[in-house]
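Okay, model30.pdb is below, PDB, C-alpha atoms, pLDDT in the B column:
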ATOM      1  CA  MET U   1      82.543 -42.941   9.739  1.00 67.00           C
ATOM      2  CA  CYS U   2      86.100 -43.068   8.467  1.00 86.00           C
ATOM      3  CA  GLY U   3      86.591 -46.130   6.299  1.00 94.00           C
ATOM      4  CA  ARG U   4      89.384 -45.025   3.995  1.00 97.00           C
ATOM      5  CA  TYR U   5      92.256 -42.549   4.251  1.00 98.00           C
ATOM      6  CA  TYR U   6      95.546 -41.799   2.521  1.00 98.00           C
ATOM      7  CA  ARG U   7      99.102 -41.042   3.542  1.00 97.00           C
ATOM      8  CA  ARG U   8     101.622 -39.451   1.164  1.00 95.00           C
ATOM      9  CA  SER U   9     104.297 -39.142   3.829  1.00 92.00           C
ATOM     10  CA  ASP U  10     107.094 -41.687   4.210  1.00 89.00           C
ATOM     11  CA  LYS U  11     108.652 -42.833   7.487  1.00 90.00           C
ATOM     12  CA  GLN U  12     111.136 -39.957   7.590  1.00 92.00           C
ATOM     13  CA  LYS U  13     108.404 -37.302   7.383  1.00 94.00           C
ATOM     14  CA  ILE U  14     106.247 -39.143   9.892  1.00 96.00           C
ATOM     15  CA  ALA U  15     109.109 -39.506  12.364  1.00 95.00           C
ATOM     16  CA  GLU U  16     109.931 -35.805  12.074  1.00 95.00           C
ATOM     17  CA  ALA U  17     106.317 -34.640  12.383  1.00 96.00           C
ATOM     18  CA  PHE U  18     105.553 -36.808  15.399  1.00 97.00           C
ATOM     19  CA  ARG U  19     109.000 -36.692  17.012  1.00 95.00           C
ATOM     20  CA  THR U  20     109.656 -40.419  17.025  1.00 95.00           C
ATOM     21  CA  GLY U  21     112.590 -42.601  16.123  1.00 92.00           C
ATOM     22  CA  LEU U  22     112.704 -44.419  12.797  1.00 91.00           C
ATOM     23  CA  PRO U  23     111.352 -47.990  12.850  1.00 89.00           C
ATOM     24  CA  THR U  24     113.892 -50.717  12.143  1.00 84.00           C
ATOM     25  CA  THR U  25     111.634 -53.766  11.925  1.00 88.00           C
ATOM     26  CA  PHE U  26     109.216 -52.605   9.211  1.00 91.00           C
ATOM     27  CA  GLU U  27     109.049 -50.271   6.236  1.00 90.00           C
ATOM     28  CA  ILE U  28     106.598 -47.402   5.745  1.00 92.00           C
ATOM     29  CA  LEU U  29     105.651 -46.543   2.182  1.00 91.00           C
ATOM     30  CA  PRO U  30     103.127 -43.935   1.058  1.00 94.00           C
ATOM     31  CA  SER U  31      99.628 -45.328   0.620  1.00 96.00           C
ATOM     32  CA  TYR U  32      96.845 -43.534  -1.240  1.00 98.00           C
ATOM     33  CA  ASN U  33      94.123 -46.013  -0.329  1.00 98.00           C
ATOM     34  CA  VAL U  34      94.487 -47.160   3.267  1.00 98.00           C
ATOM     35  CA  ALA U  35      91.778 -49.727   3.965  1.00 97.00           C
ATOM     36  CA  PRO U  36      90.613 -51.623   7.060  1.00 97.00           C
ATOM     37  CA  GLN U  37      92.513 -54.795   7.980  1.00 97.00           C
ATOM     38  CA  THR U  38      95.784 -53.461   6.575  1.00 97.00           C
ATOM     39  CA  PHE U  39      98.856 -52.768   8.693  1.00 97.00           C
ATOM     40  CA  GLN U  40      99.669 -49.073   9.078  1.00 97.00           C
ATOM     41  CA  PRO U  41     102.031 -46.823  11.088  1.00 97.00           C
ATOM     42  CA  VAL U  42     100.663 -45.624  14.430  1.00 97.00           C
ATOM     43  CA  VAL U  43     102.273 -43.430  17.092  1.00 97.00           C
ATOM     44  CA  ALA U  44     101.910 -44.509  20.718  1.00 97.00           C
ATOM     45  CA  PHE U  45     103.464 -43.653  24.088  1.00 95.00           C
ATOM     46  CA  ASN U  46     106.015 -46.142  25.385  1.00 92.00           C
ATOM     47  CA  ARG U  47     105.535 -46.368  29.152  1.00 89.00           C
ATOM     48  CA  LYS U  48     109.011 -47.873  29.650  1.00 89.00           C
ATOM     49  CA  THR U  49     111.049 -45.323  27.717  1.00 90.00           C
ATOM     50  CA  LEU U  50     108.554 -42.483  28.317  1.00 89.00           C
ATOM     51  CA  GLU U  51     108.892 -41.529  24.660  1.00 93.00           C
ATOM     52  CA  ARG U  52     106.742 -41.661  21.550  1.00 95.00           C
ATOM     53  CA  GLU U  53     107.106 -44.788  19.476  1.00 95.00           C
ATOM     54  CA  LEU U  54     106.235 -45.524  15.855  1.00 96.00           C
ATOM     55  CA  LEU U  55     104.584 -48.947  15.610  1.00 96.00           C
ATOM     56  CA  GLN U  56     102.881 -51.019  12.951  1.00 96.00           C
ATOM     57  CA  MET U  57      99.279 -51.980  13.725  1.00 97.00           C
ATOM     58  CA  ARG U  58      96.304 -53.476  11.907  1.00 98.00           C
ATOM     59  CA  TRP U  59      93.285 -51.251  11.322  1.00 98.00           C
ATOM     60  CA  GLY U  60      90.302 -52.729  13.164  1.00 98.00           C
ATOM     61  CA  LEU U  61      90.746 -52.931  16.930  1.00 98.00           C
ATOM     62  CA  VAL U  62      90.745 -56.375  18.539  1.00 97.00           C
ATOM     63  CA  PRO U  63      90.299 -55.997  22.330  1.00 97.00           C
ATOM     64  CA  TYR U  64      92.655 -58.020  24.501  1.00 96.00           C
ATOM     65  CA  TRP U  65      89.796 -60.177  25.806  1.00 96.00           C
ATOM     66  CA  ALA U  66      88.340 -61.123  22.402  1.00 95.00           C
ATOM     67  CA  GLY U  67      87.986 -64.799  21.618  1.00 92.00           C
ATOM     68  CA  ASP U  68      88.123 -64.217  17.878  1.00 92.00           C
ATOM     69  CA  PRO U  69      90.117 -61.520  16.030  1.00 94.00           C
ATOM     70  CA  LYS U  70      87.320 -61.228  13.472  1.00 94.00           C
ATOM     71  CA  ILE U  71      85.741 -58.648  15.775  1.00 95.00           C
ATOM     72  CA  GLY U  72      88.226 -56.260  14.161  1.00 95.00           C
ATOM     73  CA  TYR U  73      86.082 -56.109  11.018  1.00 94.00           C
ATOM     74  CA  SER U  74      83.446 -54.095  12.904  1.00 95.00           C
ATOM     75  CA  THR U  75      85.720 -51.915  15.044  1.00 97.00           C
ATOM     76  CA  ILE U  76      87.539 -49.703  12.547  1.00 98.00           C
ATOM     77  CA  ASN U  77      85.793 -46.689  14.123  1.00 98.00           C
ATOM     78  CA  ALA U  78      84.889 -45.772  17.701  1.00 97.00           C
ATOM     79  CA  LYS U  79      82.240 -43.172  18.509  1.00 97.00           C
ATOM     80  CA  ALA U  80      83.553 -40.385  20.734  1.00 97.00           C
ATOM     81  CA  GLU U  81      80.272 -40.165  22.646  1.00 96.00           C
ATOM     82  CA  THR U  82      80.276 -43.803  23.785  1.00 95.00           C
ATOM     83  CA  LEU U  83      83.950 -44.499  24.543  1.00 95.00           C
ATOM     84  CA  SER U  84      83.512 -44.471  28.304  1.00 90.00           C
ATOM     85  CA  ASN U  85      80.620 -46.960  28.170  1.00 92.00           C
ATOM     86  CA  SER U  86      81.816 -49.293  25.422  1.00 95.00           C
ATOM     87  CA  SER U  87      83.062 -52.725  26.492  1.00 94.00           C
ATOM     88  CA  VAL U  88      85.265 -52.792  23.383  1.00 96.00           C
ATOM     89  CA  PHE U  89      86.854 -49.349  23.676  1.00 97.00           C
ATOM     90  CA  ARG U  90      86.553 -48.353  27.356  1.00 95.00           C
ATOM     91  CA  GLU U  91      89.897 -49.743  28.550  1.00 96.00           C
ATOM     92  CA  ALA U  92      91.734 -48.619  25.423  1.00 97.00           C
ATOM     93  CA  PHE U  93      90.438 -45.088  25.932  1.00 97.00           C
ATOM     94  CA  LYS U  94      91.752 -45.102  29.496  1.00 96.00           C
ATOM     95  CA  ARG U  95      95.183 -46.567  28.762  1.00 95.00           C
ATOM     96  CA  ARG U  96      95.985 -46.990  25.078  1.00 97.00           C
ATOM     97  CA  ARG U  97      95.389 -43.847  23.047  1.00 98.00           C
ATOM     98  CA  CYS U  98      97.375 -43.295  19.852  1.00 98.00           C
ATOM     99  CA  LEU U  99      97.952 -41.019  16.869  1.00 98.00           C
ATOM    100  CA  VAL U 100      97.185 -42.225  13.352  1.00 98.00           C
ATOM    101  CA  PRO U 101      99.263 -40.310  10.741  1.00 98.00           C
ATOM    102  CA  ALA U 102      97.274 -39.245   7.672  1.00 98.00           C
ATOM    103  CA  ASP U 103      97.441 -36.702   4.870  1.00 98.00           C
ATOM    104  CA  GLY U 104      93.747 -36.952   4.047  1.00 98.00           C
ATOM    105  CA  PHE U 105      90.688 -39.200   3.961  1.00 98.00           C
ATOM    106  CA  TYR U 106      87.778 -40.065   1.670  1.00 98.00           C
ATOM    107  CA  GLU U 107      84.010 -39.906   1.845  1.00 96.00           C
ATOM    108  CA  TRP U 108      81.338 -40.738  -0.731  1.00 95.00           C
ATOM    109  CA  GLN U 109      78.401 -38.484  -1.601  1.00 91.00           C
ATOM    110  CA  PRO U 110      75.276 -40.231  -2.967  1.00 87.00           C
ATOM    111  CA  ILE U 111      74.312 -39.017  -6.431  1.00 85.00           C
ATOM    112  CA  ASP U 112      71.417 -41.379  -6.999  1.00 84.00           C
ATOM    113  CA  ARG U 113      70.339 -44.816  -5.769  1.00 82.00           C
ATOM    114  CA  LYS U 114      73.204 -46.530  -7.606  1.00 84.00           C
ATOM    115  CA  THR U 115      75.929 -43.899  -7.819  1.00 87.00           C
ATOM    116  CA  LYS U 116      78.217 -42.283  -5.233  1.00 91.00           C
ATOM    117  CA  GLN U 117      80.814 -39.595  -5.913  1.00 95.00           C
ATOM    118  CA  PRO U 118      84.057 -39.957  -3.903  1.00 96.00           C
ATOM    119  CA  PHE U 119      85.632 -36.860  -2.363  1.00 97.00           C
ATOM    120  CA  ALA U 120      89.016 -36.363  -0.750  1.00 98.00           C
ATOM    121  CA  PHE U 121      89.401 -34.255   2.400  1.00 98.00           C
ATOM    122  CA  ALA U 122      92.592 -32.703   3.748  1.00 98.00           C
ATOM    123  CA  LEU U 123      93.945 -29.686   5.583  1.00 98.00           C
ATOM    124  CA  LYS U 124      94.160 -26.530   3.488  1.00 98.00           C
ATOM    125  CA  ASP U 125      97.886 -26.192   4.098  1.00 97.00           C
ATOM    126  CA  GLY U 126      98.451 -29.761   2.883  1.00 96.00           C
ATOM    127  CA  SER U 127     100.215 -30.804   6.084  1.00 96.00           C
ATOM    128  CA  LEU U 128     100.404 -34.253   7.624  1.00 97.00           C
ATOM    129  CA  PHE U 129      98.013 -34.598  10.578  1.00 98.00           C
ATOM    130  CA  ALA U 130      96.938 -37.064  13.248  1.00 98.00           C
ATOM    131  CA  LEU U 131      93.646 -38.885  13.567  1.00 98.00           C
ATOM    132  CA  ALA U 132      92.744 -39.647  17.173  1.00 98.00           C
ATOM    133  CA  GLY U 133      93.001 -43.380  17.696  1.00 98.00           C
ATOM    134  CA  LEU U 134      92.829 -46.180  20.238  1.00 98.00           C
ATOM    135  CA  PHE U 135      94.805 -49.397  20.177  1.00 98.00           C
ATOM    136  CA  ASP U 136      94.903 -52.743  21.924  1.00 97.00           C
ATOM    137  CA  VAL U 137      97.144 -55.800  22.110  1.00 97.00           C
ATOM    138  CA  TRP U 138      95.597 -59.221  21.518  1.00 97.00           C
ATOM    139  CA  LYS U 139      97.294 -62.580  21.942  1.00 96.00           C
ATOM    140  CA  ASP U 140      96.228 -65.785  20.220  1.00 93.00           C
ATOM    141  CA  LYS U 141      95.922 -68.420  22.969  1.00 90.00           C
ATOM    142  CA  LYS U 142      96.682 -71.252  20.535  1.00 89.00           C
ATOM    143  CA  THR U 143      99.711 -69.875  18.692  1.00 92.00           C
ATOM    144  CA  GLY U 144     100.932 -67.180  21.063  1.00 93.00           C
ATOM    145  CA  GLN U 145     100.938 -64.690  18.205  1.00 94.00           C
ATOM    146  CA  VAL U 146     100.541 -61.056  19.310  1.00 96.00           C
ATOM    147  CA  LEU U 147      98.440 -58.589  17.318  1.00 97.00           C
ATOM    148  CA  PHE U 148      98.560 -54.805  17.707  1.00 98.00           C
ATOM    149  CA  SER U 149      95.427 -53.196  16.258  1.00 98.00           C
ATOM    150  CA  TYR U 150      93.789 -49.775  16.268  1.00 98.00           C
ATOM    151  CA  SER U 151      90.569 -47.858  15.708  1.00 98.00           C
ATOM    152  CA  VAL U 152      89.923 -44.301  14.494  1.00 98.00           C
ATOM    153  CA  ILE U 153      87.625 -42.188  16.673  1.00 98.00           C
ATOM    154  CA  THR U 154      84.760 -40.316  15.011  1.00 98.00           C
ATOM    155  CA  THR U 155      82.644 -37.370  16.102  1.00 97.00           C
ATOM    156  CA  ASP U 156      79.935 -35.090  14.695  1.00 97.00           C
ATOM    157  CA  PRO U 157      80.748 -33.615  11.277  1.00 97.00           C
ATOM    158  CA  ASN U 158      81.775 -30.014  10.747  1.00 97.00           C
ATOM    159  CA  GLU U 159      80.000 -27.906   8.107  1.00 97.00           C
ATOM    160  CA  LEU U 160      82.304 -29.132   5.345  1.00 97.00           C
ATOM    161  CA  LEU U 161      81.615 -32.814   6.070  1.00 96.00           C
ATOM    162  CA  GLU U 162      77.938 -32.541   6.963  1.00 95.00           C
ATOM    163  CA  PRO U 163      76.632 -32.881   3.371  1.00 92.00           C
ATOM    164  CA  PHE U 164      78.600 -36.116   3.003  1.00 93.00           C
ATOM    165  CA  HIS U 165      78.233 -38.004   6.264  1.00 92.00           C
ATOM    166  CA  ASN U 166      76.863 -37.699   9.787  1.00 94.00           C
ATOM    167  CA  ARG U 167      80.301 -38.514  11.235  1.00 96.00           C
ATOM    168  CA  MET U 168      83.886 -37.408  10.678  1.00 97.00           C
ATOM    169  CA  PRO U 169      87.218 -38.635  12.050  1.00 98.00           C
ATOM    170  CA  VAL U 170      88.640 -36.697  14.979  1.00 98.00           C
ATOM    171  CA  ILE U 171      91.631 -34.660  13.793  1.00 98.00           C
ATOM    172  CA  LEU U 172      94.032 -33.541  16.516  1.00 98.00           C
ATOM    173  CA  LYS U 173      96.124 -30.383  16.496  1.00 97.00           C
ATOM    174  CA  PRO U 174      99.900 -30.881  17.012  1.00 97.00           C
ATOM    175  CA  SER U 175      99.661 -28.973  20.280  1.00 96.00           C
ATOM    176  CA  ASP U 176      97.317 -31.685  21.575  1.00 97.00           C
ATOM    177  CA  TYR U 177      99.360 -34.724  20.526  1.00 97.00           C
ATOM    178  CA  GLU U 178     101.187 -35.100  23.829  1.00 96.00           C
ATOM    179  CA  ARG U 179      98.074 -34.744  25.945  1.00 96.00           C
ATOM    180  CA  TRP U 180      96.197 -37.286  23.840  1.00 97.00           C
ATOM    181  CA  ILE U 181      98.724 -40.124  24.087  1.00 96.00           C
ATOM    182  CA  ALA U 182     100.256 -39.446  27.520  1.00 94.00           C
ATOM    183  CA  PRO U 183      98.983 -41.447  30.526  1.00 91.00           C
ATOM    184  CA  ALA U 184      96.240 -39.665  32.465  1.00 90.00           C
ATOM    185  CA  GLU U 185      94.177 -40.186  35.578  1.00 89.00           C
ATOM    186  CA  PRO U 186      90.634 -41.512  34.943  1.00 81.00           C
ATOM    187  CA  HIS U 187      89.087 -38.166  35.894  1.00 83.00           C
ATOM    188  CA  ARG U 188      91.422 -36.277  33.532  1.00 91.00           C
ATOM    189  CA  LEU U 189      91.017 -38.225  30.309  1.00 95.00           C
ATOM    190  CA  PRO U 190      91.238 -35.900  27.254  1.00 96.00           C
ATOM    191  CA  ILE U 191      87.661 -36.358  26.132  1.00 95.00           C
ATOM    192  CA  ASP U 192      87.391 -32.628  25.401  1.00 96.00           C
ATOM    193  CA  LEU U 193      89.713 -33.112  22.405  1.00 97.00           C
ATOM    194  CA  LEU U 194      87.118 -35.259  20.655  1.00 97.00           C
ATOM    195  CA  ARG U 195      85.395 -32.497  18.724  1.00 97.00           C
ATOM    196  CA  PRO U 196      84.900 -31.574  15.047  1.00 98.00           C
ATOM    197  CA  TYR U 197      87.924 -29.987  13.386  1.00 98.00           C
ATOM    198  CA  PRO U 198      87.390 -26.376  12.216  1.00 97.00           C
ATOM    199  CA  ASP U 199      85.921 -26.539   8.721  1.00 97.00           C
ATOM    200  CA  GLU U 200      87.661 -23.335   7.624  1.00 97.00           C
ATOM    201  CA  LEU U 201      91.010 -25.138   7.976  1.00 98.00           C
ATOM    202  CA  MET U 202      89.983 -27.984   5.666  1.00 98.00           C
ATOM    203  CA  THR U 203      89.357 -28.464   1.968  1.00 98.00           C
ATOM    204  CA  ALA U 204      87.579 -31.055  -0.197  1.00 97.00           C
ATOM    205  CA  TRP U 205      87.623 -32.031  -3.858  1.00 97.00           C
ATOM    206  CA  ARG U 206      86.129 -34.628  -6.178  1.00 97.00           C
ATOM    207  CA  VAL U 207      88.249 -37.652  -7.082  1.00 97.00           C
ATOM    208  CA  GLY U 208      87.767 -40.537  -9.479  1.00 96.00           C
ATOM    209  CA  PRO U 209      85.868 -43.780  -8.786  1.00 95.00           C
ATOM    210  CA  ALA U 210      89.066 -45.868  -8.772  1.00 96.00           C
ATOM    211  CA  VAL U 211      89.476 -45.199  -5.039  1.00 96.00           C
ATOM    212  CA  GLY U 212      86.476 -47.436  -4.455  1.00 94.00           C
ATOM    213  CA  ASN U 213      88.617 -50.498  -5.205  1.00 95.00           C
ATOM    214  CA  VAL U 214      91.096 -51.183  -2.381  1.00 94.00           C
ATOM    215  CA  LYS U 215      93.459 -52.838  -4.880  1.00 95.00           C
ATOM    216  CA  ASN U 216      94.146 -49.425  -6.431  1.00 97.00           C
ATOM    217  CA  ASP U 217      96.896 -47.494  -4.678  1.00 97.00           C
ATOM    218  CA  ASP U 218      98.760 -44.704  -6.468  1.00 95.00           C
ATOM    219  CA  PRO U 219      98.921 -40.871  -6.448  1.00 96.00           C
ATOM    220  CA  ARG U 220      96.323 -40.591  -9.202  1.00 96.00           C
ATOM    221  CA  LEU U 221      93.624 -41.511  -6.674  1.00 97.00           C
ATOM    222  CA  ILE U 222      93.821 -38.078  -5.039  1.00 97.00           C
ATOM    223  CA  ALA U 223      94.001 -36.133  -8.305  1.00 97.00           C
ATOM    224  CA  PRO U 224      91.082 -33.661  -8.496  1.00 96.00           C
ATOM    225  CA  ILE U 225      88.459 -34.213 -11.170  1.00 92.00           C
ATOM    226  CA  GLN U 226      87.699 -31.072 -13.108  1.00 79.00           C
ATOM    227  CA  ASP U 227      84.089 -30.095 -13.590  1.00 63.00           C
ATOM    228  CA  GLU U 228      82.736 -31.072 -16.981  1.00 52.00           C
ATOM    229  CA  PRO U 229      82.634 -28.174 -19.454  1.00 46.00           C
ATOM    230  CA  PRO U 230      79.139 -26.888 -20.263  1.00 44.00           C
ATOM    231  CA  GLN U 231      77.531 -28.609 -23.238  1.00 44.00           C
ATOM    232  CA  PRO U 232      76.755 -26.414 -26.288  1.00 44.00           C
ATOM    233  CA  ARG U 233      73.094 -25.573 -26.716  1.00 45.00           C
ATOM    234  CA  LEU U 234      71.445 -26.190 -30.054  1.00 46.00           C
ATOM    235  CA  ILE U 235      69.720 -23.130 -31.464  1.00 44.00           C
ATOM    236  CA  PRO U 236      66.370 -24.108 -33.006  1.00 44.00           C
TER     237      PRO U 236
END
Show this structure as structure tokens.
Amino acid sequence: MCGRYYRRSDKQKIAEAFRTGLPTTFEILPSYNVAPQTFQPVVAFNRKTLERELLQMRWGLVPYWAGDPKIGYSTINAKAETLSNSSVFREAFKRRRCLVPADGFYEWQPIDRKTKQPFAFALKDGSLFALAGLFDVWKDKKTGQVLFSYSVITTDPNELLEPFHNRMPVILKPSDYERWIAPAEPHRLPIDLLRPYPDELMTAWRVGPAVGNVKNDDPRLIAPIQDEPPQPRLIP
């Protein structure tokens, strides 16, 4: 699964990388500990202007038909293999695909029954990339309030991720951005893009345990932890 990611890039870098205009109704600050239920920048296709648009959405997709927005707590990820059959994600996959800007993400490797070591994952060249996402628009029938929310799609892990988890987020190449978010006929949906990213283009490193607390959010969270120096051996 993908339950935490980070984004060093500000709105200017995001707008340039994804060829969108700058948002005027909300600010985008770097975040080193993006957690579910927070509002984050997402790139979607505007069917009226026929251009890409940078929007603010909450992580944890709430389908338009949901009676309670709390369903968003269990929909932060969508499995690539079941999108076409899922009542929650089926319509979003057909009509509301999006790009989720990220500079990296986190996974935890079990050390023992009580301890897990967090790792950060990113592209080797350090570039900003897009996670494949879906979004929906929900309206509260009582208040009329509208909520835009999104989910990150996951697939099988590549060789780099396999020791850490049985899933990884789908990372899209820039050349595939347009095809992913553009409207498509039902028989031409871009399901072939939902595959593991090449492991040779990625890197991973150990980070400190502070990332486990969502209240922590600063650049030190992605600082690599150096291996402990070997302990001197006592000569009997």
Output as lines of an AutoDock Vina configuration file the centre and edge lengths (Å, one decimal) of the box along x, y and z of the file that holds every listed atom of range 176-193 of chain U after adding 3 Å on each side.
center_x = 94.3
center_y = -36.6
center_z = 28.2
size_x = 19.8
size_y = 15.8
size_z = 21.4
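Across the model, the gap from CA of Ile153 in chain U to CA of Asp112 in chain U is 28.7 Å.
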For Phe148 in chain U, work out the shell of residues within 7 Å, counting only C-alpha atoms and skipping chain neighbours fewer than 3 positions away, then give it as a list in words.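 Answer for this query is Met57, Arg58, Asp136, Val137 and Trp138 of chain U.
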Write out the residues from the selection above, keeping C-alpha atoms, as a PDB file, in the frame of the given file.
ATOM      1  CA  MET U  57      99.279 -51.980  13.725  1.00 97.00           C
ATOM      2  CA  ARG U  58      96.304 -53.476  11.907  1.00 98.00           C
ATOM      3  CA  ASP U 136      94.903 -52.743  21.924  1.00 97.00           C
ATOM      4  CA  VAL U 137      97.144 -55.800  22.110  1.00 97.00           C
ATOM      5  CA  TRP U 138      95.597 -59.221  21.518  1.00 97.00           C
TER       6      TRP U 138
END
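Take the candidates U:Pro36, U:Asp68, U:Pro198, U:Ala223 and check each one against Tyr150 in chain U using only C-alpha atoms; the shortest distance goes to U:Pro36.
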Using the chain letters and residue numbers of this document, give as a list in words the residues selected by the PyMOL selection byres ((chain U and resi 14) around 10). Arg7, Arg8, Ser9, Asp10, Lys11, Gln12, Lys13, Ala15, Glu16, Ala17, Phe18, Arg19, Thr20, Gly21, Leu22, Ile28, Pro41, Val42, Val43, Leu54, Pro101, Ala102, Leu128 and Phe129 of chain U
Item to check | Coordinates-based distance that separates CA of Gln226 in chain U from CA of Ile111 in chain U (Å, one decimal) | outcome: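 Value for the CA of Ile111 in chain U-CA of Gln226 in chain U distance: 16.9 Å.
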Which residues are close to range 78-86 of chain U, i.e. within 8 Å by all atoms listed in the file, leaving aside same-chain residues fewer than 3 positions away? Reply as a compact mmCIF listing (two decimals) with C-alpha atoms, in the frame of the given file.
# COMPACT_ATOMS: atom_id res chain seq x y z
CA THR U 75 85.72 -51.92 15.04
CA PHE U 89 86.85 -49.35 23.68
CA ARG U 90 86.55 -48.35 27.36
CA PHE U 93 90.44 -45.09 25.93
CA SER U 151 90.57 -47.86 15.71
CA VAL U 152 89.92 -44.30 14.49
CA ILE U 153 87.62 -42.19 16.67
CA THR U 154 84.76 -40.32 15.01
CA THR U 155 82.64 -37.37 16.10
CA ILE U 191 87.66 -36.36 26.13
CA LEU U 194 87.12 -35.26 20.66
In Å and to one decimal, CA of Val88 in chain U is distant from CA of Pro63 in chain U by 6.1 Å
message: Please determine, counting only C-alpha atoms, which residue among U:Thr203, U:Asn158, U:Thr143, U:Asn166 has the shortest atom-to-atom distance to Asp103 in chain U.
response: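 For Asp103 in chain U, the nearest of the given residues is U:Thr203.
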field: Reference answer for the PyMOL selection byres ((chain U and resi 216-222) around 8), as a list in words
entry: Ser31, Tyr32, Asn33, Ala120, Val207, Gly208, Ala210, Val211, Asn213, Val214, Lys215, Ala223 and Pro224 of chain U
Limited to C-alpha atoms, could you put the picked residues into a file as a PDB file, in the coordinates of the input?
ATOM      1  CA  SER U  31      99.628 -45.328   0.620  1.00 96.00           C
ATOM      2  CA  TYR U  32      96.845 -43.534  -1.240  1.00 98.00           C
ATOM      3  CA  ASN U  33      94.123 -46.013  -0.329  1.00 98.00           C
ATOM      4  CA  ALA U 120      89.016 -36.363  -0.750  1.00 98.00           C
ATOM      5  CA  VAL U 207      88.249 -37.652  -7.082  1.00 97.00           C
ATOM      6  CA  GLY U 208      87.767 -40.537  -9.479  1.00 96.00           C
ATOM      7  CA  ALA U 210      89.066 -45.868  -8.772  1.00 96.00           C
ATOM      8  CA  VAL U 211      89.476 -45.199  -5.039  1.00 96.00           C
ATOM      9  CA  ASN U 213      88.617 -50.498  -5.205  1.00 95.00           C
ATOM     10  CA  VAL U 214      91.096 -51.183  -2.381  1.00 94.00           C
ATOM     11  CA  LYS U 215      93.459 -52.838  -4.880  1.00 95.00           C
ATOM     12  CA  ALA U 223      94.001 -36.133  -8.305  1.00 97.00           C
ATOM     13  CA  PRO U 224      91.082 -33.661  -8.496  1.00 96.00           C
TER      14      PRO U 224
END
One residue among U:Trp59, U:Phe135, U:Trp65, U:Phe164 is nearest to Phe119 in chain U when using only C-alpha atoms, and that residue is U:Phe164
Residue rebuild result range 166-181 of chain U, N, CA and C atoms as an mmCIF file, keeping the file's coordinate frame:
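The new file part-v9.cif reads:
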data_model
loop_
_atom_site.group_PDB
_atom_site.id
_atom_site.type_symbol
_atom_site.label_atom_id
_atom_site.label_comp_id
_atom_site.auth_asym_id
_atom_site.auth_seq_id
_atom_site.Cartn_x
_atom_site.Cartn_y
_atom_site.Cartn_z
ATOM 1 N N ASN U 166 77.240 -38.193 8.466
ATOM 2 C CA ASN U 166 76.863 -37.699 9.787
ATOM 3 C C ASN U 166 77.961 -37.910 10.831
ATOM 4 N N ARG U 167 79.143 -38.358 10.366
ATOM 5 C CA ARG U 167 80.301 -38.514 11.235
ATOM 6 C C ARG U 167 81.547 -38.020 10.505
ATOM 7 N N MET U 168 82.585 -37.703 11.269
ATOM 8 C CA MET U 168 83.886 -37.408 10.678
ATOM 9 C C MET U 168 84.963 -37.890 11.644
ATOM 10 N N PRO U 169 86.152 -38.213 11.139
ATOM 11 C CA PRO U 169 87.218 -38.635 12.050
ATOM 12 C C PRO U 169 87.696 -37.460 12.888
ATOM 13 N N VAL U 170 88.101 -37.734 14.110
ATOM 14 C CA VAL U 170 88.640 -36.697 14.979
ATOM 15 C C VAL U 170 90.069 -36.382 14.541
ATOM 16 N N ILE U 171 90.301 -35.123 14.169
ATOM 17 C CA ILE U 171 91.631 -34.660 13.793
ATOM 18 C C ILE U 171 92.199 -33.855 14.957
ATOM 19 N N LEU U 172 93.406 -34.218 15.379
ATOM 20 C CA LEU U 172 94.032 -33.541 16.516
ATOM 21 C C LEU U 172 95.032 -32.494 16.047
ATOM 22 N N LYS U 173 95.120 -31.402 16.765
ATOM 23 C CA LYS U 173 96.124 -30.383 16.496
ATOM 24 C C LYS U 173 97.459 -30.830 17.094
ATOM 25 N N PRO U 174 98.589 -30.486 16.471
ATOM 26 C CA PRO U 174 99.900 -30.881 17.012
ATOM 27 C C PRO U 174 100.094 -30.505 18.478
ATOM 28 N N SER U 175 99.523 -29.405 18.885
ATOM 29 C CA SER U 175 99.661 -28.973 20.280
ATOM 30 C C SER U 175 98.946 -29.905 21.248
ATOM 31 N N ASP U 176 98.077 -30.761 20.726
ATOM 32 C CA ASP U 176 97.317 -31.685 21.575
ATOM 33 C C ASP U 176 97.841 -33.119 21.505
ATOM 34 N N TYR U 177 98.860 -33.356 20.688
ATOM 35 C CA TYR U 177 99.360 -34.724 20.526
ATOM 36 C C TYR U 177 99.807 -35.318 21.855
ATOM 37 N N GLU U 178 100.621 -34.575 22.596
ATOM 38 C CA GLU U 178 101.187 -35.100 23.829
ATOM 39 C C GLU U 178 100.091 -35.412 24.846
ATOM 40 N N ARG U 179 99.159 -34.528 24.975
ATOM 41 C CA ARG U 179 98.074 -34.744 25.945
ATOM 42 C C ARG U 179 97.224 -35.946 25.565
ATOM 43 N N TRP U 180 97.044 -36.169 24.269
ATOM 44 C CA TRP U 180 96.197 -37.286 23.840
ATOM 45 C C TRP U 180 96.831 -38.638 24.170
ATOM 46 N N ILE U 181 98.125 -38.793 23.919
ATOM 47 C CA ILE U 181 98.724 -40.124 24.087
ATOM 48 C C ILE U 181 99.343 -40.352 25.460
#
